[in-house]
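S.K.: work_32.pdb is reproduced in full below (PDB, C-alpha atoms, pLDDT in the B column).
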MODEL        1
ATOM      1  CA  MET A   1       0.000   0.000   0.000  1.00 52.00           C
ATOM      2  CA  MET A   2       2.827   2.431   0.743  1.00 63.00           C
ATOM      3  CA  ARG A   3       5.034   1.199  -2.094  1.00 71.00           C
ATOM      4  CA  GLY A   4       5.644   3.849  -4.709  1.00 77.00           C
ATOM      5  CA  ASN A   5       5.002   6.831  -2.434  1.00 81.00           C
ATOM      6  CA  THR A   6       7.483   9.675  -2.248  1.00 84.00           C
ATOM      7  CA  TRP A   7       8.158  10.813   1.309  1.00 87.00           C
ATOM      8  CA  GLU A   8       9.243  14.290   2.402  1.00 90.00           C
ATOM      9  CA  LEU A   9      10.363  15.597   5.769  1.00 93.00           C
ATOM     10  CA  LEU A  10       8.219  18.592   6.729  1.00 94.00           C
ATOM     11  CA  GLN A  11       9.241  20.978   9.530  1.00 95.00           C
ATOM     12  CA  ALA A  12       6.921  23.376  11.334  1.00 95.00           C
ATOM     13  CA  ASP A  13       8.467  26.736  12.165  1.00 89.00           C
ATOM     14  CA  GLU A  14       5.904  28.463  14.371  1.00 89.00           C
ATOM     15  CA  ALA A  15       3.491  25.825  15.660  1.00 96.00           C
ATOM     16  CA  GLU A  16       3.140  22.191  16.674  1.00 98.00           C
ATOM     17  CA  LEU A  17       1.443  19.243  15.032  1.00 97.00           C
ATOM     18  CA  VAL A  18      -1.484  17.173  16.286  1.00 96.00           C
ATOM     19  CA  VAL A  19      -1.219  13.374  16.208  1.00 96.00           C
ATOM     20  CA  PRO A  20      -4.482  11.546  15.382  1.00 95.00           C
ATOM     21  CA  ASP A  21      -5.300   8.033  16.527  1.00 95.00           C
ATOM     22  CA  ASN A  22      -4.935   6.726  12.962  1.00 91.00           C
ATOM     23  CA  PHE A  23      -3.445   7.620   9.617  1.00 82.00           C
ATOM     24  CA  PHE A  24      -5.866   5.842   7.295  1.00 82.00           C
ATOM     25  CA  GLU A  25      -6.424   8.963   5.212  1.00 81.00           C
ATOM     26  CA  LEU A  26      -3.311  10.956   6.052  1.00 83.00           C
ATOM     27  CA  TYR A  27      -0.119   9.445   4.801  1.00 85.00           C
ATOM     28  CA  ALA A  28       2.023  10.919   7.547  1.00 88.00           C
ATOM     29  CA  VAL A  29       4.424   9.712  10.200  1.00 88.00           C
ATOM     30  CA  PRO A  30       4.962  12.130  13.086  1.00 91.00           C
ATOM     31  CA  LEU A  31       8.561  12.297  14.272  1.00 95.00           C
ATOM     32  CA  SER A  32       8.351  15.109  16.824  1.00 97.00           C
ATOM     33  CA  PRO A  33       5.951  17.949  17.723  1.00 97.00           C
ATOM     34  CA  THR A  34       7.363  19.975  14.818  1.00 97.00           C
ATOM     35  CA  ALA A  35       8.405  17.358  12.240  1.00 96.00           C
ATOM     36  CA  LEU A  36       6.702  14.670  10.214  1.00 93.00           C
ATOM     37  CA  LEU A  37       7.204  12.520   7.166  1.00 92.00           C
ATOM     38  CA  TRP A  38       4.555  13.263   4.536  1.00 90.00           C
ATOM     39  CA  ALA A  39       3.779  11.079   1.527  1.00 88.00           C
ATOM     40  CA  ASN A  40       3.184  12.285  -2.007  1.00 75.00           C
ATOM     41  CA  GLY A  41       4.055  15.945  -1.605  1.00 74.00           C
ATOM     42  CA  GLY A  42       1.555  18.683  -2.207  1.00 72.00           C
ATOM     43  CA  PHE A  43       3.561  21.326  -0.363  1.00 72.00           C
ATOM     44  CA  LEU A  44       5.489  24.114  -2.067  1.00 68.00           C
ATOM     45  CA  SER A  45       7.954  24.288   0.818  1.00 79.00           C
ATOM     46  CA  LEU A  46       9.271  21.728   3.279  1.00 86.00           C
ATOM     47  CA  ASP A  47       9.105  24.429   5.977  1.00 92.00           C
ATOM     48  CA  LEU A  48       5.536  24.681   7.231  1.00 94.00           C
ATOM     49  CA  ASP A  49       4.151  28.052   8.220  1.00 94.00           C
ATOM     50  CA  ARG A  50       1.362  28.405  10.795  1.00 96.00           C
ATOM     51  CA  ARG A  51      -1.374  28.158   8.143  1.00 94.00           C
ATOM     52  CA  ALA A  52       0.027  24.908   6.683  1.00 92.00           C
ATOM     53  CA  VAL A  53       0.295  23.417  10.194  1.00 95.00           C
ATOM     54  CA  ALA A  54      -3.318  24.440  10.868  1.00 96.00           C
ATOM     55  CA  ASN A  55      -4.429  22.679   7.671  1.00 93.00           C
ATOM     56  CA  ILE A  56      -2.601  19.471   8.598  1.00 93.00           C
ATOM     57  CA  ASN A  57      -3.904  19.634  12.169  1.00 95.00           C
ATOM     58  CA  ALA A  58      -7.492  20.175  11.027  1.00 95.00           C
ATOM     59  CA  GLU A  59      -7.225  17.130   8.770  1.00 92.00           C
ATOM     60  CA  ALA A  60      -5.682  15.084  11.592  1.00 94.00           C
ATOM     61  CA  VAL A  61      -8.502  16.018  13.976  1.00 95.00           C
ATOM     62  CA  THR A  62     -11.167  15.343  11.330  1.00 94.00           C
ATOM     63  CA  THR A  63      -9.806  11.890  10.494  1.00 92.00           C
ATOM     64  CA  SER A  64      -9.281  10.805  14.101  1.00 95.00           C
ATOM     65  CA  VAL A  65     -11.781   8.232  15.325  1.00 95.00           C
ATOM     66  CA  GLU A  66     -11.586   8.477  19.106  1.00 97.00           C
ATOM     67  CA  TYR A  67      -8.789  10.821  20.103  1.00 97.00           C
ATOM     68  CA  PHE A  68      -5.872  12.997  19.073  1.00 97.00           C
ATOM     69  CA  PHE A  69      -3.008  14.359  21.120  1.00 96.00           C
ATOM     70  CA  ALA A  70      -0.108  16.768  21.085  1.00 97.00           C
ATOM     71  CA  ARG A  71       2.689  17.835  23.374  1.00 96.00           C
ATOM     72  CA  ASP A  72       0.833  21.094  23.996  1.00 97.00           C
ATOM     73  CA  LEU A  73      -2.545  21.623  22.302  1.00 97.00           C
ATOM     74  CA  CYS A  74      -2.263  25.374  22.965  1.00 97.00           C
ATOM     75  CA  LEU A  75       0.577  25.463  20.416  1.00 97.00           C
ATOM     76  CA  CYS A  76      -1.431  23.573  17.764  1.00 98.00           C
ATOM     77  CA  PRO A  77      -3.480  25.781  15.471  1.00 97.00           C
ATOM     78  CA  LEU A  78      -6.618  24.252  13.987  1.00 92.00           C
TER      79      LEU A  78
ENDMDL
END
Could you spell out this file's structure in structure tokens?
M.R.:
Amino acid sequence: MMRGNTWELLQADEAELVVPDNFFELYAVPLSPTALLWANGGFLSLDLDRRAVANINAEAVTTSVEYFFARDLCLCPL
């Protein structure tokens, strides 16, 4: 299922990422509160601004089934 995907390391500059309870729809692997591996591109820059982090976080929250978490939810824009 993951064969053939191109993975990129994305880094958040100003905010932190939410981790959902699954990644069925998001092809992402969180590495730290500010870094994740992302499959199949779609980003113009590998450095994520606050708006890009908010978009990823909103998708993570939407696709979670029972829970999501973060090191500090106050630092995670939605």
S.K.: Under the rule of at most 7 Å, produce a per-residue listing of region 8-36 of chain A near region 54-74 of chain A: chain, number, name, the closest pair of atoms, and the distance in Å, as a Markdown table, using only C-alpha atoms.
M.R.:
| residue | atom | partner | partner_atom | distance |
| --- | --- | --- | --- | --- |
| A:Leu17 | CA | A:Asn57 | CA | 6.1 |
| A:Val18 | CA | A:Ala70 | CA | 5.0 |
| A:Val19 | CA | A:Phe69 | CA | 5.3 |
| A:Pro20 | CA | A:Phe68 | CA | 4.2 |
| A:Asp21 | CA | A:Ser64 | CA | 5.4 |
| A:Asn22 | CA | A:Ser64 | CA | 6.1 |
| A:Glu25 | CA | A:Thr63 | CA | 6.9 |
| A:Pro33 | CA | A:Arg71 | CA | 6.5 |
S.K.: Report as JSON the centre and the edge lengths, in Å to one decimal, of the axis-aligned box holding every listed atom of region 18-32 of chain A, padded by 4 Å on each side.
M.R.:
{"center_x": 1.1, "center_y": 11.5, "center_z": 10.8, "size_x": 23.0, "size_y": 19.3, "size_z": 20.0}
S.K.: Please measure the separation of CA of Leu26 (chain A) and CA of Cys76 (chain A), giving the value in Å to one decimal.
M.R.: 17.3 Å
S.K.: Which residue gives the smallest distance to Leu78 (chain A) among A:Ala28, A:Leu48, A:Glu16, A:Trp7, with all atoms listed in the file counted?
M.R.: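 Among A:Ala28, A:Leu48, A:Glu16, A:Trp7, it is A:Glu16 that comes nearest to Leu78 (chain A).
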S.K.: What is the distance between CA of Leu36 (chain A) and CA of Pro77 (chain A), in Å to one decimal?
M.R.: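 The value is 16.0 Å.
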S.K.: I'd like the contact shell of region 41-47 of chain A - 12 Å cut-off, all atoms listed in the file, skipping same-chain residues fewer than 4 positions apart - returned as a ChimeraX atom specification.
M.R.: /A:5-15,26-28,34-37,51-53,55-56
S.K.: Can you give me N, CA and C atoms for region 15-45 of chain A, written as a PDB file, keeping the file's coordinate frame?
M.R.:
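Result file selection-v7.pdb:
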ATOM      1  N   ALA A  15       4.577  26.508  14.962  1.00 96.00           N
ATOM      2  CA  ALA A  15       3.491  25.825  15.660  1.00 96.00           C
ATOM      3  C   ALA A  15       3.814  24.341  15.788  1.00 96.00           C
ATOM      4  N   GLU A  16       2.933  23.620  16.487  1.00 98.00           N
ATOM      5  CA  GLU A  16       3.140  22.191  16.674  1.00 98.00           C
ATOM      6  C   GLU A  16       2.029  21.392  16.021  1.00 98.00           C
ATOM      7  N   LEU A  17       2.331  20.137  15.756  1.00 97.00           N
ATOM      8  CA  LEU A  17       1.443  19.243  15.032  1.00 97.00           C
ATOM      9  C   LEU A  17       0.634  18.360  15.976  1.00 97.00           C
ATOM     10  N   VAL A  18      -0.593  18.086  15.576  1.00 96.00           N
ATOM     11  CA  VAL A  18      -1.484  17.173  16.286  1.00 96.00           C
ATOM     12  C   VAL A  18      -1.242  15.765  15.741  1.00 96.00           C
ATOM     13  N   VAL A  19      -1.353  14.771  16.615  1.00 96.00           N
ATOM     14  CA  VAL A  19      -1.219  13.374  16.208  1.00 96.00           C
ATOM     15  C   VAL A  19      -2.583  12.705  16.373  1.00 96.00           C
ATOM     16  N   PRO A  20      -3.200  12.235  15.268  1.00 95.00           N
ATOM     17  CA  PRO A  20      -4.482  11.546  15.382  1.00 95.00           C
ATOM     18  C   PRO A  20      -4.281  10.092  15.795  1.00 95.00           C
ATOM     19  N   ASP A  21      -5.383   9.434  16.122  1.00 95.00           N
ATOM     20  CA  ASP A  21      -5.300   8.033  16.527  1.00 95.00           C
ATOM     21  C   ASP A  21      -5.128   7.072  15.352  1.00 95.00           C
ATOM     22  N   ASN A  22      -5.164   7.575  14.136  1.00 91.00           N
ATOM     23  CA  ASN A  22      -4.935   6.726  12.962  1.00 91.00           C
ATOM     24  C   ASN A  22      -4.437   7.588  11.811  1.00 91.00           C
ATOM     25  N   PHE A  23      -3.920   6.928  10.818  1.00 82.00           N
ATOM     26  CA  PHE A  23      -3.445   7.620   9.617  1.00 82.00           C
ATOM     27  C   PHE A  23      -3.994   6.943   8.374  1.00 82.00           C
ATOM     28  N   PHE A  24      -5.260   6.523   8.426  1.00 82.00           N
ATOM     29  CA  PHE A  24      -5.866   5.842   7.295  1.00 82.00           C
ATOM     30  C   PHE A  24      -5.991   6.750   6.084  1.00 82.00           C
ATOM     31  N   GLU A  25      -6.261   8.015   6.317  1.00 81.00           N
ATOM     32  CA  GLU A  25      -6.424   8.963   5.212  1.00 81.00           C
ATOM     33  C   GLU A  25      -5.225   9.886   5.048  1.00 81.00           C
ATOM     34  N   LEU A  26      -4.521  10.135   6.123  1.00 83.00           N
ATOM     35  CA  LEU A  26      -3.311  10.956   6.052  1.00 83.00           C
ATOM     36  C   LEU A  26      -2.107  10.041   5.929  1.00 83.00           C
ATOM     37  N   TYR A  27      -1.341  10.220   4.930  1.00 85.00           N
ATOM     38  CA  TYR A  27      -0.119   9.445   4.801  1.00 85.00           C
ATOM     39  C   TYR A  27       0.994  10.254   5.455  1.00 85.00           C
ATOM     40  N   ALA A  28       1.073  10.139   6.768  1.00 88.00           N
ATOM     41  CA  ALA A  28       2.023  10.919   7.547  1.00 88.00           C
ATOM     42  C   ALA A  28       2.563  10.080   8.689  1.00 88.00           C
ATOM     43  N   VAL A  29       3.794  10.365   9.056  1.00 88.00           N
ATOM     44  CA  VAL A  29       4.424   9.712  10.200  1.00 88.00           C
ATOM     45  C   VAL A  29       5.021  10.809  11.069  1.00 88.00           C
ATOM     46  N   PRO A  30       4.407  11.091  12.225  1.00 91.00           N
ATOM     47  CA  PRO A  30       4.962  12.130  13.086  1.00 91.00           C
ATOM     48  C   PRO A  30       6.283  11.681  13.696  1.00 91.00           C
ATOM     49  N   LEU A  31       7.243  12.586  13.711  1.00 95.00           N
ATOM     50  CA  LEU A  31       8.561  12.297  14.272  1.00 95.00           C
ATOM     51  C   LEU A  31       8.809  13.070  15.563  1.00 95.00           C
ATOM     52  N   SER A  32       8.220  14.254  15.647  1.00 97.00           N
ATOM     53  CA  SER A  32       8.351  15.109  16.824  1.00 97.00           C
ATOM     54  C   SER A  32       7.188  16.110  16.772  1.00 97.00           C
ATOM     55  N   PRO A  33       7.040  16.963  17.763  1.00 97.00           N
ATOM     56  CA  PRO A  33       5.951  17.949  17.723  1.00 97.00           C
ATOM     57  C   PRO A  33       6.041  18.917  16.537  1.00 97.00           C
ATOM     58  N   THR A  34       7.212  19.029  15.930  1.00 97.00           N
ATOM     59  CA  THR A  34       7.363  19.975  14.818  1.00 97.00           C
ATOM     60  C   THR A  34       7.862  19.343  13.526  1.00 97.00           C
ATOM     61  N   ALA A  35       7.919  18.015  13.452  1.00 96.00           N
ATOM     62  CA  ALA A  35       8.405  17.358  12.240  1.00 96.00           C
ATOM     63  C   ALA A  35       7.581  16.116  11.932  1.00 96.00           C
ATOM     64  N   LEU A  36       7.366  15.893  10.624  1.00 93.00           N
ATOM     65  CA  LEU A  36       6.702  14.670  10.214  1.00 93.00           C
ATOM     66  C   LEU A  36       7.126  14.287   8.810  1.00 93.00           C
ATOM     67  N   LEU A  37       7.024  12.999   8.525  1.00 92.00           N
ATOM     68  CA  LEU A  37       7.204  12.520   7.166  1.00 92.00           C
ATOM     69  C   LEU A  37       5.839  12.574   6.493  1.00 92.00           C
ATOM     70  N   TRP A  38       5.804  13.077   5.264  1.00 90.00           N
ATOM     71  CA  TRP A  38       4.555  13.263   4.536  1.00 90.00           C
ATOM     72  C   TRP A  38       4.699  12.600   3.173  1.00 90.00           C
ATOM     73  N   ALA A  39       3.731  11.797   2.798  1.00 88.00           N
ATOM     74  CA  ALA A  39       3.779  11.079   1.527  1.00 88.00           C
ATOM     75  C   ALA A  39       3.133  11.868   0.404  1.00 88.00           C
ATOM     76  N   ASN A  40       3.735  11.779  -0.743  1.00 75.00           N
ATOM     77  CA  ASN A  40       3.184  12.285  -2.007  1.00 75.00           C
ATOM     78  C   ASN A  40       3.076  13.793  -2.118  1.00 75.00           C
ATOM     79  N   GLY A  41       3.905  14.506  -1.410  1.00 74.00           N
ATOM     80  CA  GLY A  41       4.055  15.945  -1.605  1.00 74.00           C
ATOM     81  C   GLY A  41       2.797  16.762  -1.445  1.00 74.00           C
ATOM     82  N   GLY A  42       2.674  17.772  -2.291  1.00 72.00           N
ATOM     83  CA  GLY A  42       1.555  18.683  -2.207  1.00 72.00           C
ATOM     84  C   GLY A  42       1.905  19.997  -1.540  1.00 72.00           C
ATOM     85  N   PHE A  43       3.123  20.104  -1.024  1.00 72.00           N
ATOM     86  CA  PHE A  43       3.561  21.326  -0.363  1.00 72.00           C
ATOM     87  C   PHE A  43       4.610  22.023  -1.223  1.00 72.00           C
ATOM     88  N   LEU A  44       4.515  23.343  -1.300  1.00 68.00           N
ATOM     89  CA  LEU A  44       5.489  24.114  -2.067  1.00 68.00           C
ATOM     90  C   LEU A  44       6.813  24.237  -1.333  1.00 68.00           C
ATOM     91  N   SER A  45       6.763  24.144  -0.011  1.00 79.00           N
ATOM     92  CA  SER A  45       7.954  24.288   0.818  1.00 79.00           C
ATOM     93  C   SER A  45       7.967  23.179   1.848  1.00 79.00           C
TER      94      SER A  45
END
